[in-house]
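For reference, my_file_17.pdb (PDB, C-alpha atoms):
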```
ATOM      1  CA  MET B   1     -18.297  11.289   3.560  1.00  0.00           C
ATOM      2  CA  THR B   2     -16.638  10.488   0.268  1.00  0.00           C
ATOM      3  CA  SER B   3     -15.209  13.384  -1.746  1.00  0.00           C
ATOM      4  CA  ASN B   4     -15.882  13.350  -5.476  1.00  0.00           C
ATOM      5  CA  ILE B   5     -13.586  15.868  -7.107  1.00  0.00           C
ATOM      6  CA  LEU B   6     -13.475  17.257 -10.643  1.00  0.00           C
ATOM      7  CA  LEU B   7     -10.039  18.467 -11.647  1.00  0.00           C
ATOM      8  CA  SER B   8      -8.811  19.775 -14.955  1.00  0.00           C
ATOM      9  CA  ARG B   9      -5.326  18.685 -16.007  1.00  0.00           C
ATOM     10  CA  ARG B  10      -4.018  22.223 -15.442  1.00  0.00           C
ATOM     11  CA  ALA B  11      -5.571  22.471 -12.009  1.00  0.00           C
ATOM     12  CA  PHE B  12      -4.369  19.049 -11.033  1.00  0.00           C
ATOM     13  CA  THR B  13      -0.741  19.632 -11.930  1.00  0.00           C
ATOM     14  CA  GLY B  14      -0.665  22.913 -10.053  1.00  0.00           C
ATOM     15  CA  ALA B  15      -1.155  23.948  -6.475  1.00  0.00           C
ATOM     16  CA  LEU B  16      -4.932  23.983  -6.874  1.00  0.00           C
ATOM     17  CA  ALA B  17      -4.926  20.191  -6.730  1.00  0.00           C
ATOM     18  CA  GLY B  18      -3.525  20.286  -3.247  1.00  0.00           C
ATOM     19  CA  MET B  19      -6.021  22.919  -2.198  1.00  0.00           C
ATOM     20  CA  ALA B  20      -8.941  20.952  -3.638  1.00  0.00           C
ATOM     21  CA  LEU B  21      -7.980  17.830  -1.752  1.00  0.00           C
ATOM     22  CA  ALA B  22      -6.782  19.496   1.408  1.00  0.00           C
ATOM     23  CA  GLY B  23     -10.048  19.554   3.322  1.00  0.00           C
ATOM     24  CA  ARG B  24     -10.644  15.816   2.947  1.00  0.00           C
ATOM     25  CA  SER B  25      -7.025  14.690   3.174  1.00  0.00           C
ATOM     26  CA  MET B  26      -5.740  16.777   6.042  1.00  0.00           C
ATOM     27  CA  GLY B  27      -8.712  17.075   8.378  1.00  0.00           C
ATOM     28  CA  ALA B  28      -9.538  20.285  10.163  1.00  0.00           C
ATOM     29  CA  ASP B  29      -6.742  22.427   8.736  1.00  0.00           C
ATOM     30  CA  SER B  30      -8.419  22.884   5.346  1.00  0.00           C
ATOM     31  CA  ARG B  31      -6.266  25.948   4.588  1.00  0.00           C
ATOM     32  CA  ARG B  32      -3.139  23.887   4.201  1.00  0.00           C
ATOM     33  CA  ILE B  33      -1.921  23.093   0.691  1.00  0.00           C
ATOM     34  CA  VAL B  34      -1.306  19.362   0.394  1.00  0.00           C
ATOM     35  CA  VAL B  35       1.916  18.547  -1.434  1.00  0.00           C
ATOM     36  CA  HIS B  36       1.626  15.792  -4.030  1.00  0.00           C
ATOM     37  CA  GLY B  37       4.774  14.107  -5.311  1.00  0.00           C
ATOM     38  CA  HIS B  38       3.830  13.912  -9.015  1.00  0.00           C
ATOM     39  CA  ARG B  39       4.969  10.511 -10.323  1.00  0.00           C
ATOM     40  CA  GLY B  40       7.053  10.437  -7.172  1.00  0.00           C
ATOM     41  CA  ALA B  41       9.589  13.185  -7.811  1.00  0.00           C
ATOM     42  CA  ARG B  42      10.329  13.014 -11.513  1.00  0.00           C
ATOM     43  CA  ALA B  43      12.285  16.247 -11.571  1.00  0.00           C
ATOM     44  CA  ARG B  44      14.822  14.578  -9.271  1.00  0.00           C
ATOM     45  CA  ARG B  45      14.590  10.819  -9.828  1.00  0.00           C
ATOM     46  CA  PRO B  46      13.226   8.538 -12.597  1.00  0.00           C
ATOM     47  CA  GLU B  47       9.454   8.920 -12.606  1.00  0.00           C
ATOM     48  CA  ASN B  48       7.097   6.398 -11.019  1.00  0.00           C
ATOM     49  CA  THR B  49       9.948   4.361  -9.564  1.00  0.00           C
ATOM     50  CA  ILE B  50      10.802   3.297  -6.039  1.00  0.00           C
ATOM     51  CA  PRO B  51      13.783   5.728  -5.944  1.00  0.00           C
ATOM     52  CA  ALA B  52      11.444   8.586  -6.923  1.00  0.00           C
ATOM     53  CA  PHE B  53       8.854   7.706  -4.300  1.00  0.00           C
ATOM     54  CA  LYS B  54      11.494   7.284  -1.587  1.00  0.00           C
ATOM     55  CA  TYR B  55      13.007  10.640  -2.535  1.00  0.00           C
ATOM     56  CA  ALA B  56       9.584  12.281  -2.311  1.00  0.00           C
ATOM     57  CA  LEU B  57       8.969  10.733   1.089  1.00  0.00           C
ATOM     58  CA  GLY B  58      12.334  12.027   2.251  1.00  0.00           C
ATOM     59  CA  GLU B  59      11.298  15.521   1.142  1.00  0.00           C
ATOM     60  CA  GLY B  60       8.148  15.276   3.246  1.00  0.00           C
ATOM     61  CA  VAL B  61       5.371  15.099   0.643  1.00  0.00           C
ATOM     62  CA  ASP B  62       1.847  14.479   1.890  1.00  0.00           C
ATOM     63  CA  VAL B  63       0.693  12.399  -1.068  1.00  0.00           C
ATOM     64  CA  LEU B  64       2.413  10.156  -3.616  1.00  0.00           C
ATOM     65  CA  GLU B  65       0.780  10.586  -7.022  1.00  0.00           C
ATOM     66  CA  LEU B  66       1.208   7.642  -9.373  1.00  0.00           C
ATOM     67  CA  ASP B  67      -0.228   5.889 -12.404  1.00  0.00           C
ATOM     68  CA  VAL B  68      -1.205   2.249 -12.868  1.00  0.00           C
ATOM     69  CA  ALA B  69      -0.950  -0.042 -15.870  1.00  0.00           C
ATOM     70  CA  VAL B  70      -1.430  -3.826 -15.941  1.00  0.00           C
ATOM     71  CA  THR B  71       0.802  -6.607 -17.247  1.00  0.00           C
ATOM     72  CA  LYS B  72      -0.259  -9.547 -19.405  1.00  0.00           C
ATOM     73  CA  ASP B  73      -0.371 -11.781 -16.315  1.00  0.00           C
ATOM     74  CA  ASN B  74      -2.600  -9.264 -14.504  1.00  0.00           C
ATOM     75  CA  VAL B  75      -0.148  -7.583 -12.175  1.00  0.00           C
ATOM     76  CA  ALA B  76      -0.817  -3.918 -11.420  1.00  0.00           C
ATOM     77  CA  VAL B  77       2.359  -1.940 -12.094  1.00  0.00           C
ATOM     78  CA  VAL B  78       3.218   1.735 -11.769  1.00  0.00           C
ATOM     79  CA  SER B  79       3.734   3.517 -15.079  1.00  0.00           C
ATOM     80  CA  HIS B  80       2.334   6.702 -16.579  1.00  0.00           C
ATOM     81  CA  ASP B  81       2.582   5.264 -20.065  1.00  0.00           C
ATOM     82  CA  PRO B  82       0.598   2.194 -21.160  1.00  0.00           C
ATOM     83  CA  LEU B  83       3.462   1.527 -23.601  1.00  0.00           C
ATOM     84  CA  ILE B  84       7.167   1.113 -22.840  1.00  0.00           C
ATOM     85  CA  ASN B  85       8.374   4.696 -23.160  1.00  0.00           C
ATOM     86  CA  PRO B  86      11.652   4.842 -25.136  1.00  0.00           C
ATOM     87  CA  THR B  87      12.465   8.281 -23.705  1.00  0.00           C
ATOM     88  CA  ILE B  88      12.897   6.929 -20.196  1.00  0.00           C
ATOM     89  CA  CYS B  89      13.289   3.159 -20.603  1.00  0.00           C
ATOM     90  CA  SER B  90      15.726   0.838 -22.345  1.00  0.00           C
ATOM     91  CA  GLY B  91      15.285  -2.831 -23.058  1.00  0.00           C
ATOM     92  CA  PRO B  92      14.417  -5.534 -25.592  1.00  0.00           C
ATOM     93  CA  LYS B  93      11.567  -3.894 -27.536  1.00  0.00           C
ATOM     94  CA  LEU B  94      10.450  -0.339 -26.930  1.00  0.00           C
ATOM     95  CA  GLY B  95       7.055   1.209 -27.592  1.00  0.00           C
ATOM     96  CA  ILE B  96       5.072  -1.967 -27.008  1.00  0.00           C
ATOM     97  CA  PRO B  97       2.104  -2.234 -24.598  1.00  0.00           C
ATOM     98  CA  ILE B  98       2.857  -3.136 -21.006  1.00  0.00           C
ATOM     99  CA  HIS B  99      -0.278  -5.280 -21.198  1.00  0.00           C
ATOM    100  CA  SER B 100       1.480  -7.467 -23.784  1.00  0.00           C
ATOM    101  CA  LEU B 101       4.278  -8.352 -21.351  1.00  0.00           C
ATOM    102  CA  THR B 102       4.363 -10.571 -18.290  1.00  0.00           C
ATOM    103  CA  LEU B 103       5.881  -9.115 -15.135  1.00  0.00           C
ATOM    104  CA  ALA B 104       9.014 -11.177 -15.696  1.00  0.00           C
ATOM    105  CA  GLU B 105       9.310  -9.773 -19.221  1.00  0.00           C
ATOM    106  CA  LEU B 106       8.672  -6.257 -17.979  1.00  0.00           C
ATOM    107  CA  HIS B 107      11.555  -6.614 -15.542  1.00  0.00           C
ATOM    108  CA  GLN B 108      13.924  -6.930 -18.495  1.00  0.00           C
ATOM    109  CA  TYR B 109      13.536  -3.186 -19.022  1.00  0.00           C
ATOM    110  CA  ASP B 110      15.608  -0.558 -17.226  1.00  0.00           C
ATOM    111  CA  CYS B 111      13.611   2.612 -16.606  1.00  0.00           C
ATOM    112  CA  GLY B 112      16.184   4.379 -14.494  1.00  0.00           C
ATOM    113  CA  GLU B 113      19.415   4.565 -16.464  1.00  0.00           C
ATOM    114  CA  LYS B 114      18.225   7.231 -18.931  1.00  0.00           C
ATOM    115  CA  LYS B 115      17.999  10.840 -17.830  1.00  0.00           C
ATOM    116  CA  ASN B 116      14.711  12.428 -18.835  1.00  0.00           C
ATOM    117  CA  PRO B 117      15.720  15.347 -21.102  1.00  0.00           C
ATOM    118  CA  GLY B 118      12.855  17.421 -19.750  1.00  0.00           C
ATOM    119  CA  PHE B 119      14.342  17.477 -16.248  1.00  0.00           C
ATOM    120  CA  PRO B 120      17.983  18.615 -16.170  1.00  0.00           C
ATOM    121  CA  ASP B 121      18.332  18.004 -12.423  1.00  0.00           C
ATOM    122  CA  GLN B 122      17.069  14.433 -12.577  1.00  0.00           C
ATOM    123  CA  VAL B 123      19.554  11.869 -11.266  1.00  0.00           C
ATOM    124  CA  PRO B 124      19.488   8.541 -13.170  1.00  0.00           C
ATOM    125  CA  VAL B 125      19.321   5.333 -11.138  1.00  0.00           C
ATOM    126  CA  PRO B 126      20.557   2.512 -13.409  1.00  0.00           C
ATOM    127  CA  GLY B 127      18.959  -0.866 -12.845  1.00  0.00           C
ATOM    128  CA  THR B 128      15.598   0.606 -11.821  1.00  0.00           C
ATOM    129  CA  ARG B 129      12.575  -1.433 -12.898  1.00  0.00           C
ATOM    130  CA  ILE B 130       8.927  -0.503 -13.259  1.00  0.00           C
ATOM    131  CA  PRO B 131       7.586  -1.335  -9.781  1.00  0.00           C
ATOM    132  CA  THR B 132       4.421  -3.180  -8.920  1.00  0.00           C
ATOM    133  CA  LEU B 133       1.627  -1.271  -7.214  1.00  0.00           C
ATOM    134  CA  ASP B 134       2.033  -3.695  -4.317  1.00  0.00           C
ATOM    135  CA  GLU B 135       5.654  -2.571  -3.860  1.00  0.00           C
ATOM    136  CA  VAL B 136       4.722   1.108  -3.946  1.00  0.00           C
ATOM    137  CA  LEU B 137       1.861   0.766  -1.469  1.00  0.00           C
ATOM    138  CA  GLU B 138       4.306  -0.976   0.855  1.00  0.00           C
ATOM    139  CA  LEU B 139       6.008   2.408   1.210  1.00  0.00           C
ATOM    140  CA  GLY B 140       3.023   3.553   3.254  1.00  0.00           C
ATOM    141  CA  LYS B 141       4.153   1.530   6.270  1.00  0.00           C
ATOM    142  CA  GLY B 142       5.222   3.528   9.287  1.00  0.00           C
ATOM    143  CA  ASN B 143       4.022   6.901   7.993  1.00  0.00           C
ATOM    144  CA  SER B 144       0.852   8.786   7.114  1.00  0.00           C
ATOM    145  CA  VAL B 145       1.517   9.417   3.412  1.00  0.00           C
ATOM    146  CA  GLU B 146      -1.480   9.125   1.126  1.00  0.00           C
ATOM    147  CA  PHE B 147      -1.623   7.716  -2.398  1.00  0.00           C
ATOM    148  CA  ASN B 148      -3.247   9.389  -5.399  1.00  0.00           C
ATOM    149  CA  VAL B 149      -3.662   6.496  -7.828  1.00  0.00           C
ATOM    150  CA  GLU B 150      -4.562   7.117 -11.471  1.00  0.00           C
ATOM    151  CA  THR B 151      -5.932   4.305 -13.620  1.00  0.00           C
ATOM    152  CA  LYS B 152      -4.396   4.470 -17.098  1.00  0.00           C
ATOM    153  CA  ILE B 153      -7.391   3.051 -18.921  1.00  0.00           C
ATOM    154  CA  PHE B 154      -8.816   4.164 -22.266  1.00  0.00           C
ATOM    155  CA  ALA B 155     -12.312   3.518 -23.597  1.00  0.00           C
ATOM    156  CA  ASP B 156     -11.082   3.755 -27.190  1.00  0.00           C
ATOM    157  CA  LYS B 157      -8.113   1.412 -26.597  1.00  0.00           C
ATOM    158  CA  PRO B 158      -9.518  -1.618 -24.749  1.00  0.00           C
ATOM    159  CA  GLY B 159      -6.515  -3.822 -25.477  1.00  0.00           C
ATOM    160  CA  LEU B 160      -4.207  -1.800 -23.238  1.00  0.00           C
ATOM    161  CA  THR B 161      -5.800  -2.821 -19.928  1.00  0.00           C
ATOM    162  CA  PRO B 162      -8.238  -5.287 -18.384  1.00  0.00           C
ATOM    163  CA  ASP B 163     -11.866  -4.182 -18.321  1.00  0.00           C
ATOM    164  CA  PRO B 164     -12.818  -1.486 -15.767  1.00  0.00           C
ATOM    165  CA  GLU B 165     -14.284  -4.019 -13.347  1.00  0.00           C
ATOM    166  CA  ALA B 166     -11.174  -6.201 -13.218  1.00  0.00           C
ATOM    167  CA  PHE B 167      -8.836  -3.207 -13.190  1.00  0.00           C
ATOM    168  CA  THR B 168     -10.613  -1.544 -10.289  1.00  0.00           C
ATOM    169  CA  LYS B 169     -10.879  -4.749  -8.247  1.00  0.00           C
ATOM    170  CA  MET B 170      -7.154  -5.338  -8.717  1.00  0.00           C
ATOM    171  CA  ILE B 171      -6.395  -1.941  -7.195  1.00  0.00           C
ATOM    172  CA  LEU B 172      -8.965  -2.237  -4.407  1.00  0.00           C
ATOM    173  CA  ASP B 173      -7.637  -5.647  -3.374  1.00  0.00           C
ATOM    174  CA  LEU B 174      -4.132  -4.187  -2.972  1.00  0.00           C
ATOM    175  CA  VAL B 175      -5.420  -1.140  -1.106  1.00  0.00           C
ATOM    176  CA  LYS B 176      -7.212  -3.423   1.335  1.00  0.00           C
ATOM    177  CA  LYS B 177      -4.193  -5.705   1.636  1.00  0.00           C
ATOM    178  CA  HIS B 178      -2.165  -2.746   2.909  1.00  0.00           C
ATOM    179  CA  GLY B 179      -5.009  -1.276   4.980  1.00  0.00           C
ATOM    180  CA  LEU B 180      -4.933   1.994   3.054  1.00  0.00           C
ATOM    181  CA  GLU B 181      -8.632   2.518   2.405  1.00  0.00           C
ATOM    182  CA  LYS B 182      -8.586   5.898   4.167  1.00  0.00           C
ATOM    183  CA  ARG B 183      -5.319   6.979   2.554  1.00  0.00           C
ATOM    184  CA  VAL B 184      -6.079   6.422  -1.139  1.00  0.00           C
ATOM    185  CA  ILE B 185      -7.644   8.605  -3.815  1.00  0.00           C
ATOM    186  CA  LEU B 186      -8.580   6.912  -7.082  1.00  0.00           C
ATOM    187  CA  GLN B 187      -8.413   9.257 -10.041  1.00  0.00           C
ATOM    188  CA  SER B 188      -8.882   8.837 -13.781  1.00  0.00           C
ATOM    189  CA  PHE B 189      -9.688  10.553 -17.043  1.00  0.00           C
ATOM    190  CA  ASP B 190     -11.904   7.531 -17.720  1.00  0.00           C
ATOM    191  CA  PRO B 191     -14.925   7.672 -15.378  1.00  0.00           C
ATOM    192  CA  ARG B 192     -15.658   3.948 -15.694  1.00  0.00           C
ATOM    193  CA  THR B 193     -13.178   2.893 -13.008  1.00  0.00           C
ATOM    194  CA  LEU B 194     -14.496   5.635 -10.724  1.00  0.00           C
ATOM    195  CA  ARG B 195     -18.048   4.338 -11.097  1.00  0.00           C
ATOM    196  CA  VAL B 196     -16.911   0.795 -10.410  1.00  0.00           C
ATOM    197  CA  MET B 197     -15.015   1.893  -7.302  1.00  0.00           C
ATOM    198  CA  LYS B 198     -18.076   3.766  -6.032  1.00  0.00           C
ATOM    199  CA  ARG B 199     -20.028   0.513  -6.270  1.00  0.00           C
ATOM    200  CA  MET B 200     -17.288  -1.713  -4.840  1.00  0.00           C
ATOM    201  CA  ASP B 201     -16.276   0.585  -1.972  1.00  0.00           C
ATOM    202  CA  PRO B 202     -17.905   4.026  -1.779  1.00  0.00           C
ATOM    203  CA  THR B 203     -15.590   5.033   1.073  1.00  0.00           C
ATOM    204  CA  ILE B 204     -12.634   5.297  -1.319  1.00  0.00           C
ATOM    205  CA  ARG B 205     -12.202   8.903  -2.460  1.00  0.00           C
ATOM    206  CA  ARG B 206     -12.425   9.493  -6.207  1.00  0.00           C
ATOM    207  CA  ALA B 207     -11.251  12.297  -8.487  1.00  0.00           C
ATOM    208  CA  ALA B 208     -12.466  12.765 -12.054  1.00  0.00           C
ATOM    209  CA  LEU B 209      -9.849  14.295 -14.352  1.00  0.00           C
ATOM    210  CA  TRP B 210     -10.608  16.279 -17.495  1.00  0.00           C
ATOM    211  CA  THR B 211      -8.468  17.934 -20.149  1.00  0.00           C
ATOM    212  CA  LYS B 212     -11.252  20.515 -20.374  1.00  0.00           C
ATOM    213  CA  MET B 213     -13.664  21.072 -17.529  1.00  0.00           C
ATOM    214  CA  PRO B 214     -17.198  20.103 -18.598  1.00  0.00           C
ATOM    215  CA  GLU B 215     -19.745  22.935 -18.441  1.00  0.00           C
ATOM    216  CA  GLU B 216     -22.076  20.870 -16.272  1.00  0.00           C
ATOM    217  CA  ALA B 217     -19.443  20.825 -13.527  1.00  0.00           C
ATOM    218  CA  PHE B 218     -20.229  24.458 -12.796  1.00  0.00           C
TER     219      PHE B 218
END
```
Would you write out, as structure tokens, the structure that this file holds?
Amino acid sequence: MTSNILLSRRAFTGALAGMALAGRSMGADSRRIVVHGHRGARARRPENTIPAFKYALGEGVDVLELDVAVTKDNVAVVSHDPLINPTICSGPKLGIPIHSLTLAELHQYDCGEKKNPGFPDQVPVPGTRIPTLDEVLELGKGNSVEFNVETKIFADKPGLTPDPEAFTKMILDLVKKHGLEKRVILQSFDPRTLRVMKRMDPTIRRAALWTKMPEEAF
């Protein structure tokens, strides 16, 4: 049975997210809190990067939480921000949409040399690039870690991503490539990708995110 989960931003970022997903993710032991590595482990390593995800795996997280944007040449990449974030990245031109850059152009940016000022214990990793979703899903080999994948898509900003259909298919194709259908949760603040995923593969778990929980959810 597919779990459809409504989570507020506050609930998601706290322990309640793990509790909400525990029953479906961890089987019979529904009392266990599932530990999500938010953007990998951004308090310790540059967020949404391979070093952050590897650090989280080394700490024994149950789920890697991550965000997906798309390049100009339609490569799914892992970034919380649809624009090149000048706080955590350095490179040719900051603040521009990832969707305006090819993957090769995106790789000109270093998103590991700057220390995020919000996390004093974060260790910079110079030379770190924004990874592809393909590279991150590869980290699921040889373990049981799950992936909580958020689509960074915006109904009021259509130029930042492909359309919901293409975006969702891109992610599903990679999930199937790595055989992770039972180990992936698709989440979004934009319900369009969740609806598309339900149609394309209803076995993939989905989580609807809200900044304010809608009254009809109760």
* **Expansion of the PyMOL selection byres ((chain B and resi 160) around 9) into residues, as a list in words** => Ala69, Val70, Pro82, Leu83, Pro97, Ile98, His99, Ser100, Lys152, Ile153, Phe154, Lys157, Pro158, Gly159, Thr161 and Pro162 of chain B
* To do: Considering all atoms listed in the file, return as a ChimeraX atom specification whatever protein or nucleic-acid residues lie within 6 Å of stretch 75-78 of chain B, sequence-local ones (same chain, fewer than 3 positions apart) excluded.
  => /B:67-71,131-133
* **Point-to-point distance in Å for atom CA of B:Lys54 and atom CA of B:His178** => 17.5 Å
* Structure fact -> In terms of all atoms listed in the file, the residue from B:Ala155, B:Leu137, B:Ala104, B:Ile88 at minimal distance from B:Asn116 is B:Ile88
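Separating atom CA of B:Phe147 from atom CA of B:Arg31 is a distance of 20.1 Å.
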